[in-house]
Structures are given as structure tokens and as C-alpha cells.
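**Q** So that we are looking at the same thing, I have put the structure below in C-alpha cells.
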There are 2 protein chains.
Amino acid sequence: METPSAPGGTRRIQAFRASLFHFVADPLEDGERAGEFFDDGLLVLGDGIVEALGDAATLLPTLPASATVTDYRDRLIVPGFIDTHVHYPQTDIIAAHGEQLLEWLERYTYPAERRFDDPAHAREVADFFLAELLRNGTTTAMVFATVHPESVDAFFEAARARGARMICGKCMMDRHCPDYLRDTAQSSYEDSQALIARWHGRDRLLYAVTPRFAPTSTEQQLEFAGRLLDEHPGVYLQTHVAENRAEVAWAQQLFPWSRSYLDVYDRFRLLRKRAIYGHCIHLDDADCARMGGTGAAIAFCPTSNLFLGSGLFDVDAARRHDVRMGLGTDVGGGTSFSMLRTQAEAYKVVQLGGGRWSPLSGFYHATLGGAQALYLDDRIGNFAPGKEGDFVVLDVEATPLLARRMNHAATVAERLFALAMLGDDRNVVATYLMGTRQLV
Amino acid sequence: METPSAPGGTRRIQAFRASLFHFVADPLEDGERAGEFFDDGLLVLGDGIVEALGDAATLLPTLPASATVTDYRDRLIVPGFIDTHVHYPQTDIIAAHGEQLLEWLERYTYPAERRFDDPAHAREVADFFLAELLRNGTTTAMVFATVHPESVDAFFEAARARGARMICGKCMMDRHCPDYLRDTAQSSYEDSQALIARWHGRDRLLYAVTPRFAPTSTEQQLEFAGRLLDEHPGVYLQTHVAENRAEVAWAQQLFPWSRSYLDVYDRFRLLRKRAIYGHCIHLDDADCARMGGTGAAIAFCPTSNLFLGSGLFDVDAARRHDVRMGLGTDVGGGTSFSMLRTQAEAYKVVQLGGGRWSPLSGFYHATLGGAQALYLDDRIGNFAPGKEGDFVVLDVEATPLLARRMNHAATVAERLFALAMLGDDRNVVATYLMGTRQLV
């Protein structure tokens, strides 16, 4: 991926002066040393790529005369948030009442997804969805489209217009769904191939092979999903597993030969690096070990797991087996696009389960941890030199309650934790992609 | 309680034109008939008391010439929200990390409560707290002060200045707490008596005898609490019960003669009408039956129960025994003053437990259901003629996401549910107490 230089060959140097915070390690292992904080800091980008970060007093004198300096001195800049599991076609059915997973899909989700064969509708929703992500400080997301290839085109066109690093794929579902959403193993294979050729690696866009979940795919289709991954190294996989007990029972019934629900995916070579599994609530120890051993990652979706009554994800089990983990909003099963709100919900799930969670764990999994789950930590997730310049400018005192609470917070960790618990989109002053401020 | 008439003896007639919604019954029993909705409605107050509500076209011609009409035609007016369990001295430790109940009290709460022997500090916090309640549309709350009588005076003075209907009491705690927060059975009895004489029934203020929870009271102190209630009919009781498993085990150990934690309170005649018990998570069937039989009420505090990892309240068990139930934010164990956010968290708890919850149940328990729990449904909770004119003016489209979601909501119930799931203080345009708009 090439970043265009400014006219005349000179590089565009931008500096942003603010309080800066990012991670270099996992705070649950390295405590406060896992984070770097610069109270009066400077983030320097060259053609949109991080060149340096540090104290403003040190770095300002090193800037070339052509550099622009944007003053956010009363703000906090952190890396752009990463949402590892979200469905853009479900934007309009967010907060639908009264069902758990399988009934919720039938009653609300499938009817809403039907309209995404219309490119104009898909593009309109994609634009709103991306604006919401950016309003909430999310700069990268792993996104489910619908079964329609048009829905992927619409999403990627909208993301490309903004210059966002986004991952998306067409749902593969050839059984146990309404006729109007059903593909075939063969058509899903061919459509996915064409979409990979058209979009994967174009600008900042990446493709994910997307069997919705095992119950809506035949074994033939799952076999084709594995073949797509084998044929296209670097392409992602996204799907769902073990979200809800009725779903788990259904999967066992449909694949009676499997040791577990996760084992179905394993059989078709779908456990591997760059394979991200939403939910993972009802896994056993052998499943977790297999996730860790293969390099597959978990998208922990706390809001959705609570809203749909799916259950409580066990962070400690995932950690025991070194499974990579990002956070997901899972809109429309989740009820907020905010990765701050998502951190708050994650904390509640961990508290109910008695698991370990640093005051900084939420921010970690929403940034560097999410990037590691997506194997994108060479590109995004923190401000190490060479990373892409995606970041969020936060007002940590955006509400009267937060302004007051910050006066009673002694440490950076305490401030960030309070921000995650009490914050929302109001805290997002601006979102930048590769150094370019987004208008939302 | 007399409402002063306007000068010259004429009554002040105010009319508010808006969409109006309120409850006349429980939506889980009566479905949509439990609510009344007027798309272009008029709420008419006489000297701050509800005189009429209905369609604007019908009521406008009946108004006297002296009436004022406030036009909120693009807004929704609902009864003021009722928060049945909240701690004003914990405002500044909201969102404190990493502990469950008993350790959280030791580490954060008790040190914060220490300063409330200072009337100036107490008043400053009380003013901020009341402003937050009103910013969130909450017009009545049942509030814990600290052990210091000064903290009760400060709260009631602040509430009286605003004309709010509030219930508050001094914590009684004569053991198992820091020396600086400890009273004695005798001093707590005398202090509570003096506070009742000073505040109960003054303007709109009501007193609650407030043993913090059984483990921090001797049997002598609990006996005095019962005596205070016997001696002062109409006075409230508020306390905590069965929030956390370690707390339950501790109570059993401290009161080995008791059948259950709740039974401790029962022994001292503290189960009765106007006794409101926070949490009630770990009750058994006999406990629930006893709550229902005595007329004691539950304050269901979902956010706090999740944030402190206390457990999942069983709404169906409470309902089986006809126990009255309000919602509580439980700040600072809870992390939001918003009764909309609290409704969303309540829904999640119910979903996890598989309980019954109408799309309107959240609004019901936040208004009329809360008023019934407090035995104040002759005064507040809906817009029946004769009720006090406390209400909230809501913008249901206060965020881009809500504005969009409302376009996909077909019914009033669907709109109110989406508002509860996605809404917060931004939806509150104005809060009125007895017809007077509050400046916050």
C-alpha cells in the first residue's frame, strides 16, 4: 500500500499536540508499564504514517518548517478504536425487543437483510454506519455484509471513499434461512472469489470469507470456505460460534460427528490465523486450547451477549490458552456503536464471572489487543513509528459527571477507566484516518 | 400539603402541548392498554397539580383565558422518573475499578462518606447530585445519606430549594465499619428521631429510617429501627439485602438464628409497607413470599448488580409473589444516573435470566411501578388528575442513531423500547417539578 506524497515530492508532516496514550503491551501482564502516556505530547505523522511520538517539548524543535501543528492541548489522543465484530445491515434493527438469538434472527434480522440486494439501499446504510463508527472513534471494523455481493460492494465503496481500514465479507448461507437470503455452496464460492479479486488489498480494504454460522451452511459450503482461505493467503475468516445454548444444541444436531460446535469449523480448516470468531461463550477447555493453538481469535461482544441474553463470556479461559481477543459491538445484537460503552459492558461481564481485568484492559482490547486479534498490529493499534495514523481526539470531560469524576481520579489508569465506564460518543471530538480529519 | 394559590386567589393554569404517554396499569398484565398515548396531547396543571390530560383538540377550547400554553409539539412528555435506590454521597466515586461489594465499600465508599460530616461539602455534593437527577429526568428518588445527620440536612435543604419530592435518611451503622462512620444504637435512634421531626412531611420531603445493611448494625440498632417505624407511621425504611453472596454468607454468620438474610429484618419488624429493599438478588421463594405478603418493596438495581458483579435479579420470582418493584440506579455502585440507561440494563438482566419483560416494562417500573413501590402512587407516577405535576420533556431523536431508529419503529411500544435501549440524558429536554421548569 503506497501513501501518495504531497505535490512536488515533499512529504506532508503533521503534528498533533495533546495528551497522548497508547499501549505497547497487555496491561494485565505488564501493569501500568504496558501503556505510554505523555501529558503534553506530540504525535508526528509523515504522509499519514506515524513518524514519532513523545513529549512536545522534545519533539517540537525537531519539526521541519513545513510541518503543521494542530493544538489539542486540552484533549486526549488515543489510537482509533477497533471493532472486531459488527453487522452493518443490522443498523436499522438495533434495539429490537424480546427475543434471544435464533428467534431474533428470524423475526428481525433476516427481513432487514433482505433489502440489501438493492445497491442504493446498501450504500445509504453503509454511509450512515460508517459515519456512526467514526462519530464513536472507531477507525477499523470487521464487518458482516449480507448474502448479496452488492452489499459488500456498497460497503467497500463507502469505506474506500473515506480511506478507512475495513474488513468485510459476503455472508455464505445455503440452508436454514429464508429463500430470499439463500445462496448455494457453488455460488457463494464464486461470489466470494470475485469479491476477493475486486476488493482484498485494494487501498486499505481487506476481505473476510464469511460463513454466517455453521447451522446455515452445508458441509459443502464450509468446505468451500476453507478452500477460499487456502487459495487466498492473507484473506480473513469471520463467523459466529457458541453464542447461545439453543444454537449450540442445533449445531450439535446438524453435525452429529463433531466433538463440539467449534470442532465443526476445525474440520473444514477454518481455525487459523486471521480467523475471528464472534462470541465463543459456550466453549470448553479443549475448544479454547484449539483456538489458542491455531492462532484463531475471539471477538468478545459483551453488549450483545447481555442484550440477547446469550451468556457470559469467560475471559480467563481465553487467556489461559493465549487466545487473541478483540472487542465487538455486534450491532444490531449490541445496542451501541461506542467502544467506550462496549468496554463498560465488558467489565460487567467480567465482574459477573469473577475474571481478571485491569482498569486498562478495556482500552487495550479496543486498540492494540484488537489489532493483534486481527493480525493488523503491524499497521494499527498503537502509535509505534510506521503505523497508520488513525486516531481519536477525546474530551474526557464531555459531560458534567465526567468532568467532576476526573477531579477525583488520581492516575491515568483511573481516568481511563472512568472514561470507559461513563463515556460515549460525546467524548469523541474528532476522528482521524491517516492524518485526515473525518467529517461526520 | 397545600399548594399556594397565585396572588389574588386565582389559580395558575398551565397547559403543555406535546405527545403524552403514561401508564394506568402494568403492561405485563394489560399489554398496550396499560399505557395511554396522545399523539397531539395536552397536559393541564392547576397550581402545579394535574387537572386533565387528553387530546389537545379537545382540551384547548376548555382552557381559561388566563392559562399559559407551552408548545412542545415535537416532543414527548412522560411522568418524571423515579429512582428507588441511590446514594448521593457516592457521586464522586462512581465508576471505581476492580472490587465486588464488601471490598468496594471498604476501599472506596467509606472513605468518600467520611467527609459528609462537613455541611458545606455535603451541600455541594447534594446540589450536584440533584442537578444530575434532574438532567436525567428523575424527579423523585429514595436516597441514602451518610451516618452524619448533617448529610441529611444538606440533602433535604437542597431538595427543598428545588421543590422536589425526595425521600432520604441517615445511615444507621454501629459496627463493622470504620470508627469515623460509626454511630451507636442509641445515637442513631435519637438522631433519626430528630431528623424525622425536622424533615418528614415538610413540603414534599419524606424520611426513611436507614440501617445501611444488617451486617453493620447490632441487633439493638435494628430493634431501634423497628421502633422508629412503629412510632412514626408513614415514615419509610430503606436498606440493602442479598446483594452479594459474600454479604449473604456474612449476614448468616452474624445472625445465626435467622432462617435467611431477609429474615433478620423480618425479626425486627422491618418488613412492611413503605420498606424498600435494595437488590434482593439472592432471595429464596419463602423470602419473596414474605416480601409480597408484608407489602415491602424491591429496588431492582441492574447496573450496579452488573458493575459490582453481584448477580442477576429474578424478576419473575418477585412477580409470582406480587412484590412491588421499582428501579434504582444505585450510584455509585451503578454507573449512570439515567433511568433510560437503567431500563436498558434491567432488560439485559432479564434476558440473561429468561424472565418476562414487556417492551414497556422499563418505562412502567421507572414511573408508575416505582411510585407504587414507594406507596406514592396517589401523588406521582402518572398523569391522573390530582397527581403532582412532575414530568419530563423528551426529544426521542436526540442522537443520529435514535433519529434513524425511530423511522423504523412502527408502534409506540417499539419507540419507547428503542428510546430506553439507546437513550440517555441527551434525550431530556426539560424537567418540571409541580409545573416549574428546573434549570440544570
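Each chain of the C-alpha cells is named A, B, ... in the order shown, its residues numbered from 1; ligands are numbered from 1 in display order.
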Just want the 10 Å neighbourhood of range 259-273 of chain B, counted on only C-alpha atoms, with same-chain residues fewer than 4 positions away dropped. Output as a PyMOL selection string.

**A** chain B and resi 209+213-215+219-227+229-230+234-242+247-255+277+280+282-284+286-288+290-297+324+373-375

**Q** Could you tell me which residues of chain B sit within 7 Å of chain A when counting only C-alpha atoms, and give me the result as a PyMOL selection string?

**A** chain B and resi 92+95+97+306-311+335+348+351-352+359+405+408+418+421-422

**Q** Write out as a list of chain:residue names which residues come within 10 Å of Phe116 in chain B when counting only C-alpha atoms, dropping same-chain ones fewer than 5 positions away.

**A** B:Pro89, B:His121, B:Ala122, B:Arg123, B:Val125, B:Ala145, B:Thr146, B:Val147, B:His148, B:Pro149, B:Glu150, B:Ser151, B:Val152, B:Ala154, B:Leu181

**Q** Using CA of Leu130 in chain A and CA of Gln438 in chain A as the two end points, give the distance in Å to one decimal.

**A** 10.6 Å

**Q** Please determine, counting only C-alpha atoms, which residue among A:Ser258, A:Thr210, A:Ser66, A:Asn136 has the shortest atom-to-atom distance to Gly423 in chain A.

**A**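 Looking only at the distances to Gly423 in chain A, the closest residue turns out to be A:Asn136.
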
**Q** Check the DSSP output for the backbone and give back, as a VMD selection string, the residues of range 206-313 of chain B in alpha helix (DSSP H).

**A** chain B and resid 219 to 231 245 to 254 261 to 267 285 to 294 302 to 307

**Q** Can you tell me, as JSON, numbers by chain, what residues are no more than 10 Å from Leu439 in chain B when counting only C-alpha atoms, ignoring any on the same chain fewer than 6 positions away?

**A** {"B": [131, 134, 135, 162, 430, 431, 432]}

**Q** Which neighbours of range 164-180 of chain A fall inside 7 Å, counting only C-alpha atoms, when residues of the same chain fewer than 2 positions from it are skipped, and could you give them as JSON, numbers by chain?

**A** {"A": [114, 139, 140, 141, 142, 143, 144, 145, 146, 147, 148, 149, 152, 159, 160, 162, 182, 183, 184, 185, 188, 192, 204, 205, 206, 207, 208, 209, 210, 211, 212, 216, 217, 218, 433]}

**Q** Write the selection just made, keeping C-alpha atoms, as a PDB file, in the first residue's frame?

**A**
ATOM      1  CA  ARG A 114     -33.489  -8.800   2.514  1.00  0.00           C
ATOM      2  CA  THR A 139     -11.452   3.523  12.677  1.00  0.00           C
ATOM      3  CA  THR A 140     -11.278  -0.189  11.840  1.00  0.00           C
ATOM      4  CA  ALA A 141     -14.048  -2.769  11.958  1.00  0.00           C
ATOM      5  CA  MET A 142     -14.595  -6.345  10.908  1.00  0.00           C
ATOM      6  CA  VAL A 143     -17.989  -6.186   9.271  1.00  0.00           C
ATOM      7  CA  PHE A 144     -20.601  -8.670   8.138  1.00  0.00           C
ATOM      8  CA  ALA A 145     -22.473  -7.707   4.989  1.00  0.00           C
ATOM      9  CA  THR A 146     -25.484  -9.734   3.793  1.00  0.00           C
ATOM     10  CA  VAL A 147     -25.574 -12.666   1.422  1.00  0.00           C
ATOM     11  CA  HIS A 148     -25.731 -10.247  -1.504  1.00  0.00           C
ATOM     12  CA  PRO A 149     -22.431  -9.374  -3.215  1.00  0.00           C
ATOM     13  CA  VAL A 152     -20.181  -5.888   0.055  1.00  0.00           C
ATOM     14  CA  ALA A 159     -15.193   2.738   3.222  1.00  0.00           C
ATOM     15  CA  ARG A 160     -12.845   3.472   0.335  1.00  0.00           C
ATOM     16  CA  ARG A 162     -13.326   7.648   3.479  1.00  0.00           C
ATOM     17  CA  ARG A 182     -30.091 -18.280   0.423  1.00  0.00           C
ATOM     18  CA  ASP A 183     -27.089 -18.830  -1.829  1.00  0.00           C
ATOM     19  CA  THR A 184     -25.581 -22.159  -2.859  1.00  0.00           C
ATOM     20  CA  ALA A 185     -22.223 -23.602  -1.994  1.00  0.00           C
ATOM     21  CA  SER A 188     -21.069 -18.460  -2.549  1.00  0.00           C
ATOM     22  CA  SER A 192     -16.585 -14.672  -2.713  1.00  0.00           C
ATOM     23  CA  ARG A 204      -6.889  -0.213   2.977  1.00  0.00           C
ATOM     24  CA  LEU A 205      -9.619  -2.800   2.431  1.00  0.00           C
ATOM     25  CA  LEU A 206      -9.423  -6.469   3.349  1.00  0.00           C
ATOM     26  CA  TYR A 207     -11.761  -9.330   2.608  1.00  0.00           C
ATOM     27  CA  ALA A 208     -13.218 -11.854   5.030  1.00  0.00           C
ATOM     28  CA  VAL A 209     -14.706 -15.167   3.978  1.00  0.00           C
ATOM     29  CA  THR A 210     -17.965 -15.091   5.923  1.00  0.00           C
ATOM     30  CA  PRO A 211     -19.975 -18.238   6.539  1.00  0.00           C
ATOM     31  CA  ARG A 212     -22.687 -16.755   8.766  1.00  0.00           C
ATOM     32  CA  THR A 216     -26.809 -22.013   7.960  1.00  0.00           C
ATOM     33  CA  SER A 217     -24.109 -23.672   5.865  1.00  0.00           C
ATOM     34  CA  THR A 218     -23.965 -27.148   4.368  1.00  0.00           C
ATOM     35  CA  LEU A 433      -7.830   8.417   9.313  1.00  0.00           C
TER      36      LEU A 433
END

**Q** Compare B:Cys301, B:Leu340, B:Ala158, B:Leu102 by their minimum atom-to-atom distance to Ala246 in chain B, counting only C-alpha atoms, and give me the closest one.

**A**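 Selected residue with least distance to Ala246 in chain B: B:Leu102.
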
**Q** Run DSSP on the backbone and tell me which residues of range 64-241 of chain B come out as strand (DSSP E); list them as a VMD selection string.

**A** chain B and resid 68 to 79 81 to 87 138 to 144 165 to 169 171 to 172 205 to 211 236 to 241

**Q** Choose the residue, out of A:Val24, A:Ala15, A:Ala317, A:Leu76, that has the smallest atom-to-atom separation from Ala371 in chain A; count only C-alpha atoms.

**A** A:Val24

**Q** CA of Ile49 in chain B to CA of Arg437 in chain B: how many Å, to one decimal?

**A**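 These two atoms are separated by 14.1 Å.
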